[in-house]
Every structure is written in C-alpha cells, then in structure tokens.
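Asks: As input, take upload-v9.txt (compact mmCIF, N, CA, C and O atoms):
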# COMPACT_ATOMS: atom_id res chain seq x y z
N THR A 1 -1.19 -48.57 -55.48
CA THR A 1 -2.10 -47.95 -56.42
C THR A 1 -2.87 -49.01 -57.18
O THR A 1 -2.37 -50.10 -57.41
N ARG A 2 -4.07 -48.68 -57.54
CA ARG A 2 -4.87 -49.60 -58.35
C ARG A 2 -4.69 -49.29 -59.84
O ARG A 2 -5.35 -49.87 -60.68
N HIS A 3 -3.80 -48.39 -60.17
CA HIS A 3 -3.58 -48.01 -61.56
C HIS A 3 -2.48 -48.85 -62.19
O HIS A 3 -1.41 -48.37 -62.53
N ARG A 4 -2.73 -50.12 -62.31
CA ARG A 4 -1.80 -51.01 -62.98
C ARG A 4 -2.60 -51.82 -63.99
O ARG A 4 -3.75 -52.20 -63.73
N GLY A 5 -1.99 -52.07 -65.12
CA GLY A 5 -2.72 -52.75 -66.19
C GLY A 5 -3.06 -54.19 -65.87
O GLY A 5 -4.22 -54.58 -65.84
N LEU A 6 -2.06 -54.97 -65.60
CA LEU A 6 -2.27 -56.39 -65.35
C LEU A 6 -2.21 -56.60 -63.85
O LEU A 6 -1.15 -56.52 -63.25
N ASP A 7 -3.33 -56.83 -63.25
CA ASP A 7 -3.43 -56.89 -61.79
C ASP A 7 -3.56 -58.33 -61.33
O ASP A 7 -4.61 -58.95 -61.46
N LEU A 8 -2.47 -58.87 -60.78
CA LEU A 8 -2.49 -60.24 -60.27
C LEU A 8 -2.89 -60.32 -58.80
O LEU A 8 -3.05 -61.41 -58.27
N LEU A 9 -3.03 -59.16 -58.15
CA LEU A 9 -3.33 -59.20 -56.71
C LEU A 9 -4.61 -59.96 -56.37
O LEU A 9 -4.61 -60.73 -55.41
N PRO A 10 -5.71 -59.81 -57.11
CA PRO A 10 -6.90 -60.60 -56.75
C PRO A 10 -6.64 -62.11 -56.82
O PRO A 10 -7.07 -62.85 -55.93
N LEU A 11 -5.91 -62.54 -57.84
CA LEU A 11 -5.60 -63.97 -57.98
C LEU A 11 -4.66 -64.44 -56.88
O LEU A 11 -4.89 -65.48 -56.25
N LEU A 12 -3.61 -63.66 -56.60
CA LEU A 12 -2.68 -64.05 -55.55
C LEU A 12 -3.35 -64.03 -54.18
O LEU A 12 -3.09 -64.91 -53.35
N ALA A 13 -4.22 -63.06 -53.94
CA ALA A 13 -4.93 -62.99 -52.66
C ALA A 13 -5.90 -64.17 -52.52
O ALA A 13 -6.16 -64.63 -51.41
N HIS A 14 -6.43 -64.64 -53.63
CA HIS A 14 -7.30 -65.82 -53.58
C HIS A 14 -6.52 -67.03 -53.08
O HIS A 14 -7.05 -67.85 -52.34
N ARG A 15 -5.24 -67.11 -53.46
CA ARG A 15 -4.39 -68.23 -53.05
C ARG A 15 -3.82 -68.04 -51.64
O ARG A 15 -3.68 -69.00 -50.90
N ASP A 16 -3.46 -66.79 -51.29
CA ASP A 16 -2.82 -66.52 -49.99
C ASP A 16 -3.15 -65.10 -49.55
O ASP A 16 -2.33 -64.20 -49.63
N GLU A 17 -4.37 -64.91 -49.08
CA GLU A 17 -4.83 -63.57 -48.73
C GLU A 17 -3.98 -62.94 -47.63
O GLU A 17 -3.59 -61.77 -47.71
N ALA A 18 -3.64 -63.70 -46.62
CA ALA A 18 -2.85 -63.16 -45.51
C ALA A 18 -1.47 -62.69 -46.00
O ALA A 18 -1.00 -61.63 -45.60
N GLY A 19 -0.85 -63.46 -46.85
CA GLY A 19 0.46 -63.10 -47.37
C GLY A 19 0.42 -61.84 -48.22
O GLY A 19 1.29 -60.97 -48.12
N VAL A 20 -0.60 -61.73 -49.07
CA VAL A 20 -0.74 -60.56 -49.93
C VAL A 20 -1.02 -59.32 -49.07
O VAL A 20 -0.39 -58.28 -49.24
N ARG A 21 -1.93 -59.45 -48.15
CA ARG A 21 -2.27 -58.29 -47.31
C ARG A 21 -1.07 -57.84 -46.46
O ARG A 21 -0.88 -56.65 -46.23
N ALA A 22 -0.25 -58.78 -46.03
CA ALA A 22 0.92 -58.44 -45.22
C ALA A 22 1.94 -57.64 -46.05
O ALA A 22 2.71 -56.85 -45.50
N ALA A 23 1.94 -57.83 -47.37
CA ALA A 23 2.91 -57.16 -48.23
C ALA A 23 2.41 -55.81 -48.75
O ALA A 23 3.18 -55.08 -49.36
N LEU A 24 1.16 -55.47 -48.48
CA LEU A 24 0.57 -54.25 -49.01
C LEU A 24 0.32 -53.22 -47.92
O LEU A 24 0.20 -53.58 -46.75
N PRO A 25 0.20 -51.96 -48.32
CA PRO A 25 -0.21 -50.95 -47.33
C PRO A 25 -1.60 -51.29 -46.80
O PRO A 25 -2.41 -51.90 -47.52
N PRO A 26 -1.91 -50.92 -45.57
CA PRO A 26 -3.19 -51.30 -44.97
C PRO A 26 -4.41 -50.79 -45.71
O PRO A 26 -5.47 -51.40 -45.65
N ASP A 27 -4.29 -49.69 -46.45
CA ASP A 27 -5.46 -49.14 -47.14
C ASP A 27 -5.62 -49.65 -48.57
O ASP A 27 -6.53 -49.24 -49.28
N GLU A 28 -4.75 -50.56 -49.01
CA GLU A 28 -4.86 -51.10 -50.37
C GLU A 28 -6.10 -51.98 -50.51
O GLU A 28 -6.34 -52.86 -49.69
N LYS A 29 -6.88 -51.73 -51.55
CA LYS A 29 -8.10 -52.51 -51.78
C LYS A 29 -7.78 -53.69 -52.68
O LYS A 29 -7.28 -53.52 -53.78
N VAL A 30 -8.08 -54.89 -52.19
CA VAL A 30 -7.91 -56.11 -52.96
C VAL A 30 -9.09 -57.00 -52.66
O VAL A 30 -9.40 -57.28 -51.50
N SER A 31 -9.76 -57.45 -53.71
CA SER A 31 -10.87 -58.39 -53.56
C SER A 31 -10.40 -59.75 -54.05
O SER A 31 -10.27 -59.96 -55.26
N PRO A 32 -10.11 -60.68 -53.13
CA PRO A 32 -9.62 -61.99 -53.54
C PRO A 32 -10.63 -62.70 -54.44
O PRO A 32 -11.82 -62.79 -54.12
N ARG A 33 -10.17 -63.17 -55.58
CA ARG A 33 -11.01 -63.94 -56.49
C ARG A 33 -10.12 -64.67 -57.49
O ARG A 33 -9.03 -64.21 -57.79
N PRO A 34 -10.59 -65.79 -58.00
CA PRO A 34 -9.76 -66.61 -58.90
C PRO A 34 -9.80 -66.12 -60.35
O PRO A 34 -10.19 -66.85 -61.25
N VAL A 35 -9.41 -64.88 -60.58
CA VAL A 35 -9.42 -64.34 -61.94
C VAL A 35 -8.16 -63.50 -62.18
O VAL A 35 -7.56 -62.98 -61.26
N LEU A 36 -7.79 -63.39 -63.42
CA LEU A 36 -6.76 -62.46 -63.84
C LEU A 36 -7.48 -61.18 -64.22
O LEU A 36 -8.44 -61.21 -64.99
N HIS A 37 -7.08 -60.08 -63.66
CA HIS A 37 -7.80 -58.83 -63.84
C HIS A 37 -6.99 -57.88 -64.70
O HIS A 37 -5.84 -57.60 -64.40
N TYR A 38 -7.57 -57.41 -65.78
CA TYR A 38 -6.91 -56.43 -66.63
C TYR A 38 -7.69 -55.13 -66.56
O TYR A 38 -8.89 -55.10 -66.80
N ARG A 39 -7.00 -54.07 -66.23
CA ARG A 39 -7.63 -52.75 -66.16
C ARG A 39 -7.31 -51.98 -67.43
O ARG A 39 -6.16 -51.92 -67.86
N MET A 40 -8.31 -51.39 -68.01
CA MET A 40 -8.09 -50.55 -69.17
C MET A 40 -7.29 -49.32 -68.73
O MET A 40 -7.43 -48.85 -67.61
N PRO A 41 -6.45 -48.79 -69.63
CA PRO A 41 -5.65 -47.62 -69.26
C PRO A 41 -6.53 -46.39 -69.09
O PRO A 41 -7.61 -46.30 -69.68
N GLN A 42 -6.05 -45.47 -68.30
CA GLN A 42 -6.78 -44.21 -68.16
C GLN A 42 -6.67 -43.45 -69.47
O GLN A 42 -5.60 -43.37 -70.07
N ALA A 43 -7.77 -42.90 -69.91
CA ALA A 43 -7.79 -42.15 -71.15
C ALA A 43 -7.53 -40.67 -70.86
O ALA A 43 -8.20 -40.07 -70.04
N HIS A 44 -6.55 -40.13 -71.52
CA HIS A 44 -6.21 -38.71 -71.40
C HIS A 44 -6.31 -38.09 -72.79
O HIS A 44 -5.36 -37.49 -73.29
N ILE A 45 -7.45 -38.28 -73.43
CA ILE A 45 -7.66 -37.90 -74.81
C ILE A 45 -7.35 -36.43 -75.06
O ILE A 45 -6.82 -36.07 -76.10
N GLY A 46 -7.63 -35.59 -74.11
CA GLY A 46 -7.41 -34.16 -74.29
C GLY A 46 -5.97 -33.71 -74.18
O GLY A 46 -5.64 -32.58 -74.51
N LEU A 47 -5.08 -34.59 -73.73
CA LEU A 47 -3.68 -34.20 -73.58
C LEU A 47 -2.92 -34.41 -74.88
O LEU A 47 -2.99 -35.48 -75.49
N PRO A 48 -2.20 -33.39 -75.32
CA PRO A 48 -1.40 -33.54 -76.55
C PRO A 48 -0.41 -34.70 -76.41
O PRO A 48 0.24 -34.86 -75.38
N GLY A 49 -0.31 -35.50 -77.43
CA GLY A 49 0.64 -36.60 -77.43
C GLY A 49 0.16 -37.88 -76.78
O GLY A 49 0.83 -38.90 -76.86
N TRP A 50 -1.02 -37.84 -76.13
CA TRP A 50 -1.51 -39.07 -75.49
C TRP A 50 -1.93 -40.06 -76.57
O TRP A 50 -2.48 -39.70 -77.60
N SER A 51 -1.67 -41.33 -76.32
CA SER A 51 -2.02 -42.38 -77.27
C SER A 51 -2.37 -43.65 -76.52
O SER A 51 -1.79 -43.94 -75.47
N LEU A 52 -3.26 -44.42 -77.07
CA LEU A 52 -3.60 -45.72 -76.54
C LEU A 52 -2.56 -46.77 -76.94
O LEU A 52 -2.51 -47.85 -76.37
N ALA A 53 -1.71 -46.44 -77.89
CA ALA A 53 -0.76 -47.41 -78.46
C ALA A 53 0.13 -48.10 -77.42
O ALA A 53 0.28 -49.32 -77.49
N PRO A 54 0.74 -47.40 -76.45
CA PRO A 54 1.59 -48.13 -75.49
C PRO A 54 0.84 -49.20 -74.70
O PRO A 54 1.32 -50.32 -74.53
N ALA A 55 -0.36 -48.87 -74.24
CA ALA A 55 -1.15 -49.86 -73.48
C ALA A 55 -1.59 -51.00 -74.39
O ALA A 55 -1.58 -52.17 -73.99
N TRP A 56 -1.95 -50.68 -75.61
CA TRP A 56 -2.37 -51.71 -76.58
C TRP A 56 -1.20 -52.65 -76.87
O TRP A 56 -1.35 -53.86 -76.86
N ASN A 57 -0.01 -52.08 -77.12
CA ASN A 57 1.15 -52.90 -77.42
C ASN A 57 1.54 -53.79 -76.25
O ASN A 57 1.97 -54.92 -76.44
N LEU A 58 1.39 -53.29 -75.04
CA LEU A 58 1.66 -54.10 -73.86
C LEU A 58 0.71 -55.30 -73.81
O LEU A 58 1.12 -56.43 -73.57
N TRP A 59 -0.56 -55.05 -74.07
CA TRP A 59 -1.53 -56.14 -74.04
C TRP A 59 -1.27 -57.15 -75.16
O TRP A 59 -1.41 -58.36 -74.97
N VAL A 60 -0.87 -56.67 -76.33
CA VAL A 60 -0.52 -57.59 -77.42
C VAL A 60 0.63 -58.49 -76.97
O VAL A 60 0.62 -59.70 -77.23
N GLY A 61 1.61 -57.93 -76.27
CA GLY A 61 2.72 -58.73 -75.75
C GLY A 61 2.25 -59.79 -74.77
O GLY A 61 2.74 -60.93 -74.80
N VAL A 62 1.30 -59.44 -73.91
CA VAL A 62 0.75 -60.41 -72.96
C VAL A 62 0.06 -61.54 -73.72
O VAL A 62 0.24 -62.72 -73.41
N GLU A 63 -0.72 -61.19 -74.74
CA GLU A 63 -1.41 -62.21 -75.54
C GLU A 63 -0.40 -63.13 -76.25
O GLU A 63 -0.60 -64.33 -76.31
N GLU A 64 0.67 -62.54 -76.78
CA GLU A 64 1.68 -63.34 -77.46
C GLU A 64 2.36 -64.30 -76.48
O GLU A 64 2.61 -65.46 -76.81
N MET A 65 2.65 -63.82 -75.29
CA MET A 65 3.26 -64.70 -74.29
C MET A 65 2.30 -65.82 -73.91
O MET A 65 2.72 -66.97 -73.75
N ALA A 66 1.01 -65.51 -73.79
CA ALA A 66 0.02 -66.53 -73.44
C ALA A 66 -0.07 -67.60 -74.52
O ALA A 66 -0.31 -68.77 -74.23
N GLU A 67 0.16 -67.21 -75.76
CA GLU A 67 0.10 -68.16 -76.87
C GLU A 67 1.44 -68.87 -77.07
O GLU A 67 1.55 -69.74 -77.92
N GLY A 68 2.45 -68.48 -76.33
CA GLY A 68 3.76 -69.10 -76.47
C GLY A 68 4.59 -68.47 -77.58
O GLY A 68 5.63 -69.01 -77.96
N GLY A 69 4.17 -67.33 -78.10
CA GLY A 69 4.88 -66.69 -79.20
C GLY A 69 6.01 -65.79 -78.76
O GLY A 69 6.75 -65.28 -79.58
N ALA A 70 6.17 -65.57 -77.48
CA ALA A 70 7.26 -64.73 -76.99
C ALA A 70 7.68 -65.24 -75.62
O ALA A 70 6.90 -65.86 -74.91
N THR A 71 8.91 -64.99 -75.29
CA THR A 71 9.37 -65.36 -73.96
C THR A 71 9.36 -64.14 -73.08
O THR A 71 9.30 -63.01 -73.57
N MET A 72 9.45 -64.34 -71.80
CA MET A 72 9.46 -63.22 -70.86
C MET A 72 10.64 -62.30 -71.16
O MET A 72 10.53 -61.10 -71.13
N ARG A 73 11.79 -62.86 -71.51
CA ARG A 73 12.98 -62.05 -71.79
C ARG A 73 12.73 -61.17 -73.01
O ARG A 73 13.05 -60.00 -73.01
N HIS A 74 12.14 -61.72 -74.07
CA HIS A 74 11.87 -60.94 -75.27
C HIS A 74 10.84 -59.86 -75.00
O HIS A 74 10.98 -58.73 -75.48
N ALA A 75 9.82 -60.17 -74.25
CA ALA A 75 8.78 -59.19 -73.96
C ALA A 75 9.35 -58.03 -73.15
O ALA A 75 9.01 -56.88 -73.38
N ALA A 76 10.22 -58.33 -72.21
CA ALA A 76 10.79 -57.28 -71.35
C ALA A 76 11.73 -56.38 -72.13
O ALA A 76 11.81 -55.19 -71.88
N SER A 77 12.44 -56.94 -73.11
CA SER A 77 13.41 -56.15 -73.86
C SER A 77 12.77 -55.43 -75.03
O SER A 77 13.38 -54.56 -75.63
N GLY A 78 11.56 -55.84 -75.41
CA GLY A 78 10.89 -55.21 -76.53
C GLY A 78 11.25 -55.84 -77.87
O GLY A 78 10.78 -55.42 -78.91
N SER A 79 12.08 -56.89 -77.86
CA SER A 79 12.45 -57.54 -79.12
C SER A 79 11.50 -58.70 -79.38
O SER A 79 10.80 -59.18 -78.51
N ALA A 80 11.49 -59.14 -80.61
CA ALA A 80 10.60 -60.25 -81.00
C ALA A 80 11.35 -61.55 -81.14
O ALA A 80 12.52 -61.62 -81.21
Translate this structure into structure tokens?
Replies:
Amino acid sequence: TRHRGLDLLPLLAHRDEAGVRAALPPDEKVSPRPVLHYRMPQAHIGLPGWSLAPAWNLWVGVEEMAEGGATMRHAASGSA
C-alpha cells in the first residue's frame, strides 16, 4: 500500500532498485529517488472521532529523533 506516513521505499530503491522490487508485490508503485518521502495522512474530517493528532504526534517523534532528542526505543514505546 502507498498509505504509509514515512515512506523509505523511494530512497531504498534509489540505492538498490532490484532488491526493493524483488521484495514488493509486482504492482507496487515505487519511483526511485534520493529523497525521504513523507505522506500527509488521509483526512477523514467527516468521521466522528477522527483527529490529526496521532499523525502529528508521530511526525513530532520523527523530528525529535532526527534532532537526537529521542532514541528509537523511546519513540517506539511512547515514552520520553
């Protein structure tokens, strides 16, 4: 599925396209390029209880890890 927030497939395919394609279903779309790709979450504004907060908090965690403010273990557990 292309519905993932942090998409490393374009970057990994840029490094090893054959390896990435071998690991994916044949119909998976991947455009190899040297970038980190972030997809905005799907908006379900009309659904009761939907919120942007979980996707926002996930991205804040990614930014904190990039700055060295959190470790992978802390980010995965949700602790600071």
Asks: Determine, counting only N, CA, C and O atoms, every residue of protein, DNA or RNA that lies within 5 Å of (-8.2, -61.1, -51.3) in the file coordinates, then give the result as a PyMOL selection string.
Replies: chain A and resi 13-14+17+30-32
Asks: Give the answer as one residue: which of A:Leu9, A:Pro41, A:Val60, A:Glu67 has the shortest atom-to-atom distance to Lys29 of chain A, using only C-alpha atoms?
Replies: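 That would be A:Leu9, the residue with the smallest distance to Lys29 of chain A.
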Asks: Output as a ChimeraX atom specification all residues of segment 4-73 of chain A that backbone DSSP marks as alpha helix (DSSP H).
Replies: /A:9-23,53-67,72-73
Asks: Rounded to one decimal place, report the atom O of Arg15 of chain A-atom C of Arg33 of chain A distance in Å.
Replies: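 We find that atom O of Arg15 of chain A and atom C of Arg33 of chain A lie 10.2 Å from each other.
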Asks: Please, what distance in Å, to one decimal, runs between atom CA of Leu36 of chain A and atom CA of Trp50 of chain A?
Replies: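 Computing it gives 26.7 Å between the two atoms.
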Asks: So what do you get for atom O of Ala55 of chain A versus atom CA of Ala43 of chain A, distance-wise?
Replies: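 Separating atom O of Ala55 of chain A from atom CA of Ala43 of chain A is a distance of 12.1 Å.
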Asks: When distances are computed from all atoms listed in the file, which of A:Glu64, A:Ala53, A:Pro34, A:Arg39 shows the smallest separation from Leu12 of chain A?
Replies: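 Among the listed residues, the smallest separation from Leu12 of chain A belongs to A:Pro34.
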Asks: Where atoms are absent from segment 8-19 of chain A, fill them in so it carries all heavy atoms, then output it as an mmCIF file, keeping the file's coordinate frame.
Replies:
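So the final result, stored in selection36.cif, reads:
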data_model
loop_
_atom_site.group_PDB
_atom_site.id
_atom_site.type_symbol
_atom_site.label_atom_id
_atom_site.label_comp_id
_atom_site.auth_asym_id
_atom_site.auth_seq_id
_atom_site.Cartn_x
_atom_site.Cartn_y
_atom_site.Cartn_z
ATOM 1 N N LEU A 8 -2.470 -58.870 -60.780
ATOM 2 C CA LEU A 8 -2.490 -60.240 -60.270
ATOM 3 C C LEU A 8 -2.890 -60.320 -58.800
ATOM 4 O O LEU A 8 -3.050 -61.410 -58.270
ATOM 5 C CB LEU A 8 -1.097 -60.871 -60.440
ATOM 6 C CG LEU A 8 -0.686 -61.182 -61.859
ATOM 7 C CD1 LEU A 8 0.763 -61.651 -61.896
ATOM 8 C CD2 LEU A 8 -1.589 -62.220 -62.467
ATOM 9 N N LEU A 9 -3.030 -59.160 -58.150
ATOM 10 C CA LEU A 9 -3.330 -59.200 -56.710
ATOM 11 C C LEU A 9 -4.610 -59.960 -56.370
ATOM 12 O O LEU A 9 -4.610 -60.730 -55.410
ATOM 13 C CB LEU A 9 -3.365 -57.786 -56.137
ATOM 14 C CG LEU A 9 -1.996 -57.124 -56.009
ATOM 15 C CD1 LEU A 9 -2.145 -55.710 -55.475
ATOM 16 C CD2 LEU A 9 -1.077 -57.925 -55.129
ATOM 17 N N PRO A 10 -5.710 -59.810 -57.110
ATOM 18 C CA PRO A 10 -6.900 -60.600 -56.750
ATOM 19 C C PRO A 10 -6.640 -62.110 -56.820
ATOM 20 O O PRO A 10 -7.070 -62.850 -55.930
ATOM 21 C CB PRO A 10 -7.940 -60.178 -57.795
ATOM 22 C CG PRO A 10 -7.522 -58.800 -58.196
ATOM 23 C CD PRO A 10 -6.019 -58.841 -58.173
ATOM 24 N N LEU A 11 -5.910 -62.540 -57.840
ATOM 25 C CA LEU A 11 -5.600 -63.970 -57.980
ATOM 26 C C LEU A 11 -4.660 -64.440 -56.880
ATOM 27 O O LEU A 11 -4.890 -65.480 -56.250
ATOM 28 C CB LEU A 11 -4.981 -64.229 -59.351
ATOM 29 C CG LEU A 11 -4.621 -65.668 -59.661
ATOM 30 C CD1 LEU A 11 -5.861 -66.548 -59.661
ATOM 31 C CD2 LEU A 11 -3.896 -65.745 -60.986
ATOM 32 N N LEU A 12 -3.610 -63.660 -56.600
ATOM 33 C CA LEU A 12 -2.680 -64.050 -55.550
ATOM 34 C C LEU A 12 -3.350 -64.030 -54.180
ATOM 35 O O LEU A 12 -3.090 -64.910 -53.350
ATOM 36 C CB LEU A 12 -1.466 -63.124 -55.561
ATOM 37 C CG LEU A 12 -0.593 -63.197 -56.816
ATOM 38 C CD1 LEU A 12 0.477 -62.125 -56.789
ATOM 39 C CD2 LEU A 12 0.006 -64.578 -56.985
ATOM 40 N N ALA A 13 -4.220 -63.060 -53.940
ATOM 41 C CA ALA A 13 -4.930 -62.990 -52.660
ATOM 42 C C ALA A 13 -5.900 -64.170 -52.520
ATOM 43 O O ALA A 13 -6.160 -64.630 -51.410
ATOM 44 C CB ALA A 13 -5.675 -61.672 -52.532
ATOM 45 N N HIS A 14 -6.430 -64.640 -53.630
ATOM 46 C CA HIS A 14 -7.300 -65.820 -53.580
ATOM 47 C C HIS A 14 -6.520 -67.030 -53.080
ATOM 48 O O HIS A 14 -7.050 -67.850 -52.340
ATOM 49 C CB HIS A 14 -7.869 -66.089 -54.984
ATOM 50 C CG HIS A 14 -8.715 -67.309 -55.061
ATOM 51 N ND1 HIS A 14 -9.982 -67.373 -54.526
ATOM 52 C CD2 HIS A 14 -8.473 -68.522 -55.605
ATOM 53 C CE1 HIS A 14 -10.483 -68.574 -54.742
ATOM 54 N NE2 HIS A 14 -9.581 -69.294 -55.391
ATOM 55 N N ARG A 15 -5.240 -67.110 -53.460
ATOM 56 C CA ARG A 15 -4.390 -68.230 -53.050
ATOM 57 C C ARG A 15 -3.820 -68.040 -51.640
ATOM 58 O O ARG A 15 -3.680 -69.000 -50.900
ATOM 59 C CB ARG A 15 -3.222 -68.391 -54.038
ATOM 60 C CG ARG A 15 -3.635 -68.660 -55.468
ATOM 61 C CD ARG A 15 -3.987 -70.059 -55.706
ATOM 62 N NE ARG A 15 -2.823 -70.871 -55.381
ATOM 63 C CZ ARG A 15 -2.844 -72.168 -55.279
ATOM 64 N NH1 ARG A 15 -3.937 -72.816 -55.483
ATOM 65 N NH2 ARG A 15 -1.766 -72.839 -54.967
ATOM 66 N N ASP A 16 -3.460 -66.790 -51.290
ATOM 67 C CA ASP A 16 -2.820 -66.520 -49.990
ATOM 68 C C ASP A 16 -3.150 -65.100 -49.550
ATOM 69 O O ASP A 16 -2.330 -64.200 -49.630
ATOM 70 C CB ASP A 16 -1.306 -66.704 -50.123
ATOM 71 C CG ASP A 16 -0.556 -66.420 -48.830
ATOM 72 O OD1 ASP A 16 -1.199 -66.316 -47.762
ATOM 73 O OD2 ASP A 16 0.681 -66.291 -48.892
ATOM 74 N N GLU A 17 -4.370 -64.910 -49.080
ATOM 75 C CA GLU A 17 -4.830 -63.570 -48.730
ATOM 76 C C GLU A 17 -3.980 -62.940 -47.630
ATOM 77 O O GLU A 17 -3.590 -61.770 -47.710
ATOM 78 C CB GLU A 17 -6.302 -63.580 -48.310
ATOM 79 C CG GLU A 17 -6.822 -62.187 -48.047
ATOM 80 C CD GLU A 17 -8.316 -62.133 -47.812
ATOM 81 O OE1 GLU A 17 -8.983 -63.189 -47.817
ATOM 82 O OE2 GLU A 17 -8.832 -61.020 -47.625
ATOM 83 N N ALA A 18 -3.640 -63.700 -46.620
ATOM 84 C CA ALA A 18 -2.850 -63.160 -45.510
ATOM 85 C C ALA A 18 -1.470 -62.690 -46.000
ATOM 86 O O ALA A 18 -1.000 -61.630 -45.600
ATOM 87 C CB ALA A 18 -2.695 -64.197 -44.406
ATOM 88 N N GLY A 19 -0.850 -63.460 -46.850
ATOM 89 C CA GLY A 19 0.460 -63.100 -47.370
ATOM 90 C C GLY A 19 0.420 -61.840 -48.220
ATOM 91 O O GLY A 19 1.290 -60.970 -48.120
#
